[in-house]
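**Q** Okay, handing you the structure first.
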Amino acid sequence: MACFFRRKIAAKLAETLQHSEDAFIPALTAVPVFKKQPTADFKLSLGTLRIDGILPSSGDIQLQTENLAAQLKPDSVVEDISAGDASIHFKINRSLLAEKLLEPFGKGEHYEFGLNSKLFDSLKRGTTLVEFSSPNIAKRFHAGHLRSTIIGNFIANLKQSLGNNVIRMNYLGDWGMQFGLLGAGFNKFGCMEKLKRNSLQHLFEVYVQANKEAEHSEDLKQAAKDFFRQLEQHESQAVSLWQQFRDITVKEYKHMYKRLGIHFDVYSGESFHQDQAQEVVQELQSQGLLKTSEKGTGVIDLSPNGDMSNICTLLRSDGTTLYITRDIAAAISRKEEYCFDEMIYVTDTSQENHFNQLFQILLKMGNSWAGRCRHVSFGLVQGMRTRTGKVVFLEDVLDEAQARMLHNMNQSHTTKELENPEDTAEKVAISALIVQDFKGPLQSGYKFDWARTLQAQGDTGVFLQYTHARLCSLMRRNEGVETATFNPSCLCEQTSRTILQHLLRYDEVLYKSHQDLEPKHLVNFLLKLW
Ligand code: ARG
């Protein structure tokens, strides 16, 4: 495994420079394979050692490099050590490289790529709460929610595979003034039958119609206000209708997330924290942090000089709470309930300011753990449309992806008879959506293009799945072959060496993905692997 070699080199350095082995791990990188086979396998950056204070940062760096290289002696594992440009190059014994990297296969074990190595110890943080997806009841599930869903799931999977206890939470938009309009609208033109049959669609239609009508109907506006007030006062009829909306929505979403291979441990939502939000307001008041603005709203001053140049509103003039107030309450109650060591929120960049303010307020209130809360934001995806128009629901995206993929598969002459082509098409299409989304940096948005995403050739999820399927079939066909006959020294021709060299980078790639929570490192590693 890659970490075996990294460790060996680090041990050598530790002995020579009288430092702890761990200190060298981050400065050691596996040399990436570009067009031609690199001459070395690992590279040690002297610049990094200087920055980390392991080597004196004065004097000629090249001289320092050459001196150190001369002091390090090759052995049976590290065959060759040479000085490069402010870096030292290490070449591993080829046969041992193959043997160690492929060792788990020989033993029929899962390839863990050294996840248990010390390289990852520092990444274990205990309990991580990842909040992602978080759609709003009766509103559109837009491309941003889809991105949050797959990115959040990636982060949760990554954290889990690195040994953390992970809580996956969906925080539904299930509270706020709009539920007044939805409730009053439903009482006027809703239909229970339709709600049961075509839930999300019907709720959405009712909401759109209610919005439209409320523009010129004072009666409906009043009814909406009344309904929301009844909700806030926990009146049973209103609550029971609202509960039905919520239950049906969660059921539908669960079904959709299953198609994506995603699950949540907790379906929380804004509604859970409406009462606590009022307590937060009282707490802020007693801490002297809540001010009343000229408009009569309750605000908190976040400006560095306390001159009210940067304020955040927490309370409307009628005493009702806002999105951010509920988020403050939610964060505090999550900390109490789950005792998380870190919490990650995943939404698009438009909520950056919201989360900045949230963390600042939590800190001001004396919650030092807010320093371990993080907002992972991503850019917008434009133009995700289905044949019939705009994407409204997650189901639309999944159906469209599946239908298009099925169509492509039927056009292709190479596709073998499949047991369940619809299922295969869906799985491949979903991988394609994910890979396409993960290729670039999260911060940059992109223009969505079905044809490019579902292409069978090139750097796409379709090809990645195809390669995976071929490898699986190769394994199936060779099942039962005596693994004791595996001779790694046979893997010495150029292609095998290139693959082995690339595999050396895996633990580093995971490390990087963990540091910046960017899936691109992993996806590009996989795309290069085939
Ligand atoms: N429901 C929100 C939206 O669709 C996202 C919620 C994000 N999470 C949070 N804790 N505020 O915009």
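Chain labels follow the order of the structure tokens: the first chain is A, the next B, and so on; residue numbering restarts at 1 in every chain, and ligands are counted from 1 in their shown order.
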Per residue of chain A within 9 Å of ligand 1, which atom pair is closest and at what distance in Å (one decimal), using only C-alpha atoms and all ligand atoms, listed by chain and increasing number, as a Markdown table?

**A**
```
| residue | atom | partner | partner_atom_place_in_ligand_line | distance |
| --- | --- | --- | --- | --- |
| A:Glu131 | CA | ligand 1 | 8 (N) | 6.9 |
| A:Phe132 | CA | ligand 1 | 8 (N) | 7.1 |
| A:Ser133 | CA | ligand 1 | 5 (C) | 7.3 |
| A:Ser134 | CA | ligand 1 | 1 (N) | 4.9 |
| A:Pro135 | CA | ligand 1 | 4 (O) | 4.8 |
| A:Asn136 | CA | ligand 1 | 1 (N) | 5.0 |
| A:Ile137 | CA | ligand 1 | 1 (N) | 8.6 |
| A:Lys139 | CA | ligand 1 | 4 (O) | 8.6 |
| A:Arg140 | CA | ligand 1 | 4 (O) | 8.9 |
| A:Phe141 | CA | ligand 1 | 4 (O) | 8.0 |
| A:His142 | CA | ligand 1 | 4 (O) | 8.5 |
| A:Gly144 | CA | ligand 1 | 4 (O) | 8.2 |
| A:His145 | CA | ligand 1 | 4 (O) | 6.8 |
| A:Asn170 | CA | ligand 1 | 8 (N) | 8.3 |
| A:Tyr171 | CA | ligand 1 | 8 (N) | 6.0 |
| A:Leu172 | CA | ligand 1 | 1 (N) | 5.6 |
| A:Gly173 | CA | ligand 1 | 1 (N) | 4.3 |
| A:Asp174 | CA | ligand 1 | 1 (N) | 8.1 |
| A:Gly269 | CA | ligand 1 | 10 (N) | 8.3 |
| A:Glu270 | CA | ligand 1 | 10 (N) | 8.1 |
| A:Tyr323 | CA | ligand 1 | 11 (N) | 7.1 |
| A:Ile324 | CA | ligand 1 | 11 (N) | 7.3 |
| A:Arg326 | CA | ligand 1 | 11 (N) | 8.4 |
| A:Asp327 | CA | ligand 1 | 10 (N) | 5.5 |
| A:Ile328 | CA | ligand 1 | 10 (N) | 8.8 |
| A:Ala330 | CA | ligand 1 | 10 (N) | 7.6 |
| A:Ala331 | CA | ligand 1 | 10 (N) | 8.0 |
| A:Tyr345 | CA | ligand 1 | 8 (N) | 6.3 |
| A:Val346 | CA | ligand 1 | 7 (C) | 7.0 |
| A:Thr347 | CA | ligand 1 | 7 (C) | 6.0 |
| A:Asp348 | CA | ligand 1 | 12 (O) | 8.3 |
| A:Ser350 | CA | ligand 1 | 12 (O) | 8.9 |
| A:Gln351 | CA | ligand 1 | 12 (O) | 7.7 |
| A:His354 | CA | ligand 1 | 11 (N) | 8.0 |
| A:Phe355 | CA | ligand 1 | 11 (N) | 7.7 |
```

**Q** Got a sec to tell me which of stretch 163-321 of chain A DSSP assigns to strand (DSSP E or B), as a list of chain:residue names?

**A**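 Taking stretch 163-321 of chain A and keeping strand (DSSP E or B) gives A:Asn165, A:Val166, A:Ile167, A:Arg168, A:Met169, A:Asn170, A:Tyr171, A:Leu172, A:Gly173, A:Val266, A:Tyr267, A:Ser268, A:Gly269, A:Leu290, A:Lys291, A:Thr292, A:Gly298, A:Val299, A:Ile300, A:Asp301, A:Ile311, A:Cys312, A:Thr313, A:Leu314, A:Leu315, A:Thr321.
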
**Q** Go ahead and write the residues just picked, N, CA and C atoms, as an mmCIF file, in the first residue's frame.

**A**
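Once everything was written out, this is selection.cif:
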```cif
data_model
loop_
_atom_site.group_PDB
_atom_site.id
_atom_site.type_symbol
_atom_site.label_atom_id
_atom_site.label_comp_id
_atom_site.auth_asym_id
_atom_site.auth_seq_id
_atom_site.Cartn_x
_atom_site.Cartn_y
_atom_site.Cartn_z
ATOM 1 N N ASN A 165 -17.683 9.153 13.049
ATOM 2 C CA ASN A 165 -19.077 8.804 13.212
ATOM 3 C C ASN A 165 -19.864 9.915 12.514
ATOM 4 N N VAL A 166 -20.703 9.547 11.540
ATOM 5 C CA VAL A 166 -21.353 10.583 10.738
ATOM 6 C C VAL A 166 -22.867 10.588 10.938
ATOM 7 N N ILE A 167 -23.426 11.775 11.121
ATOM 8 C CA ILE A 167 -24.889 11.909 11.179
ATOM 9 C C ILE A 167 -25.316 12.679 9.930
ATOM 10 N N ARG A 168 -26.175 12.048 9.140
ATOM 11 C CA ARG A 168 -26.656 12.688 7.903
ATOM 12 C C ARG A 168 -28.012 13.308 8.190
ATOM 13 N N MET A 169 -28.067 14.611 8.037
ATOM 14 C CA MET A 169 -29.306 15.297 8.402
ATOM 15 C C MET A 169 -29.899 16.079 7.240
ATOM 16 N N ASN A 170 -31.213 15.954 7.107
ATOM 17 C CA ASN A 170 -31.933 16.735 6.117
ATOM 18 C C ASN A 170 -32.756 17.769 6.899
ATOM 19 N N TYR A 171 -32.548 19.029 6.584
ATOM 20 C CA TYR A 171 -33.221 20.102 7.330
ATOM 21 C C TYR A 171 -34.261 20.727 6.403
ATOM 22 N N LEU A 172 -35.469 20.221 6.501
ATOM 23 C CA LEU A 172 -36.500 20.646 5.552
ATOM 24 C C LEU A 172 -36.986 22.074 5.783
ATOM 25 N N GLY A 173 -37.282 22.738 4.698
ATOM 26 C CA GLY A 173 -37.927 24.053 4.788
ATOM 27 C C GLY A 173 -39.400 23.775 5.048
ATOM 28 N N VAL A 266 -31.551 11.602 9.937
ATOM 29 C CA VAL A 266 -32.534 12.474 10.593
ATOM 30 C C VAL A 266 -33.211 13.383 9.569
ATOM 31 N N TYR A 267 -34.539 13.414 9.635
ATOM 32 C CA TYR A 267 -35.288 14.409 8.858
ATOM 33 C C TYR A 267 -35.722 15.490 9.838
ATOM 34 N N SER A 268 -34.901 16.504 9.945
ATOM 35 C CA SER A 268 -35.235 17.598 10.833
ATOM 36 C C SER A 268 -35.892 18.695 9.979
ATOM 37 N N GLY A 269 -36.041 19.870 10.528
ATOM 38 C CA GLY A 269 -36.622 20.936 9.720
ATOM 39 C C GLY A 269 -36.797 22.181 10.556
ATOM 40 N N LEU A 290 -29.551 41.712 21.919
ATOM 41 C CA LEU A 290 -30.666 42.035 21.022
ATOM 42 C C LEU A 290 -31.026 43.518 21.115
ATOM 43 N N LYS A 291 -31.007 44.175 19.952
ATOM 44 C CA LYS A 291 -31.346 45.609 19.933
ATOM 45 C C LYS A 291 -32.644 45.792 19.145
ATOM 46 N N THR A 292 -33.323 46.881 19.408
ATOM 47 C CA THR A 292 -34.529 47.145 18.609
ATOM 48 C C THR A 292 -34.185 48.195 17.567
ATOM 49 N N GLY A 298 -36.198 43.170 15.819
ATOM 50 C CA GLY A 298 -35.131 42.805 16.749
ATOM 51 C C GLY A 298 -33.871 42.461 15.963
ATOM 52 N N VAL A 299 -32.770 43.147 16.263
ATOM 53 C CA VAL A 299 -31.548 42.934 15.483
ATOM 54 C C VAL A 299 -30.351 42.679 16.395
ATOM 55 N N ILE A 300 -29.297 42.126 15.799
ATOM 56 C CA ILE A 300 -28.050 41.967 16.535
ATOM 57 C C ILE A 300 -26.967 42.709 15.745
ATOM 58 N N ASP A 301 -26.121 43.385 16.468
ATOM 59 C CA ASP A 301 -25.075 44.172 15.810
ATOM 60 C C ASP A 301 -23.826 43.308 15.592
ATOM 61 N N ILE A 311 -25.822 44.836 10.666
ATOM 62 C CA ILE A 311 -26.770 44.201 11.600
ATOM 63 C C ILE A 311 -27.479 43.012 10.953
ATOM 64 N N CYS A 312 -27.982 42.143 11.792
ATOM 65 C CA CYS A 312 -28.717 40.989 11.281
ATOM 66 C C CYS A 312 -30.065 40.940 12.012
ATOM 67 N N THR A 313 -31.133 40.853 11.237
ATOM 68 C CA THR A 313 -32.473 40.852 11.836
ATOM 69 C C THR A 313 -32.854 39.454 12.320
ATOM 70 N N LEU A 314 -33.320 39.379 13.561
ATOM 71 C CA LEU A 314 -33.679 38.084 14.143
ATOM 72 C C LEU A 314 -35.157 37.980 14.501
ATOM 73 N N LEU A 315 -35.812 39.122 14.539
ATOM 74 C CA LEU A 315 -37.201 39.136 14.973
ATOM 75 C C LEU A 315 -37.974 40.175 14.157
ATOM 76 N N THR A 321 -40.284 34.895 14.387
ATOM 77 C CA THR A 321 -38.861 34.668 14.135
ATOM 78 C C THR A 321 -38.583 34.461 12.650
#
```

**Q** Can you pull out the residues contacting stretch 39-52 of chain A? Cut-off 10 Å, using only C-alpha atoms, and skip same-chain residues under 5 positions away; I want them as JSON, numbers by chain.

**A** {"A": [5, 6, 9, 10, 23, 24, 25, 26, 27, 28, 29, 30, 31, 32, 33, 57, 58, 61, 62, 64, 65, 68, 78, 80, 81, 82, 83, 84, 85, 86, 87, 88, 89, 90, 91, 92, 93, 94, 97, 500, 501, 502, 504, 505]}

**Q** Identify, on the basis of only C-alpha atoms, every residue whose closest approach to A:Asp399 does not exceed 12 Å; exclude the query and any residue fewer than 3 positions from it along the same chain; express the result as JSON, numbers by chain.

**A** {"A": [256, 259, 260, 385, 386, 387, 388, 391, 393, 394, 395, 396, 402, 403, 404, 405, 406, 422, 423, 425, 426, 427, 429, 430]}

**Q** Take the residues just selected and output them with C-alpha atoms as a short mmCIF file (atom, residue, chain, number, x, y, z; two decimals), in the first residue's frame.

**A**
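Below you can see selection-v4.cif, which holds the result:
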```
data_model
loop_
_atom_site.label_atom_id
_atom_site.label_comp_id
_atom_site.auth_asym_id
_atom_site.auth_seq_id
_atom_site.Cartn_x
_atom_site.Cartn_y
_atom_site.Cartn_z
CA MET A 256 -36.28 9.60 -4.50
CA ARG A 259 -32.99 6.01 -6.26
CA LEU A 260 -29.88 8.12 -5.72
CA ARG A 385 -34.13 21.22 -18.10
CA THR A 386 -36.23 18.25 -19.00
CA ARG A 387 -37.83 17.76 -22.39
CA THR A 388 -41.03 19.20 -21.06
CA VAL A 391 -37.05 20.99 -13.59
CA PHE A 393 -38.95 17.99 -8.88
CA LEU A 394 -36.09 15.67 -8.22
CA GLU A 395 -38.13 12.95 -9.83
CA ASP A 396 -38.09 14.87 -13.10
CA GLN A 402 -32.85 7.42 -16.98
CA ALA A 403 -34.89 7.88 -20.17
CA ARG A 404 -32.02 9.54 -22.01
CA MET A 405 -29.57 6.88 -20.92
CA LEU A 406 -31.92 4.10 -21.94
CA GLU A 422 -34.12 0.42 -16.86
CA ASP A 423 -32.27 -0.17 -13.64
CA ALA A 425 -29.75 2.96 -17.26
CA GLU A 426 -30.75 4.73 -14.07
CA LYS A 427 -27.63 3.75 -12.18
CA ALA A 429 -27.10 7.97 -15.60
CA ILE A 430 -26.91 8.92 -11.93
#
```

**Q** As a PyMOL selection string, please: every residue in stretch 47-262 of chain A that a backbone DSSP assignment puts in helix (DSSP H, G or I).

**A** chain A and resi 47-51+61-71+94-101+103-106+118-123+143-161+178-189+192-197+199-214+218-232+236-260

**Q** Identify which of the residues A:Leu241, A:Leu442, A:Ala456, A:Leu289 lies closest to A:Thr349, counting only C-alpha atoms when measuring atom-to-atom distances.

**A**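 Nearest to A:Thr349: A:Leu442.
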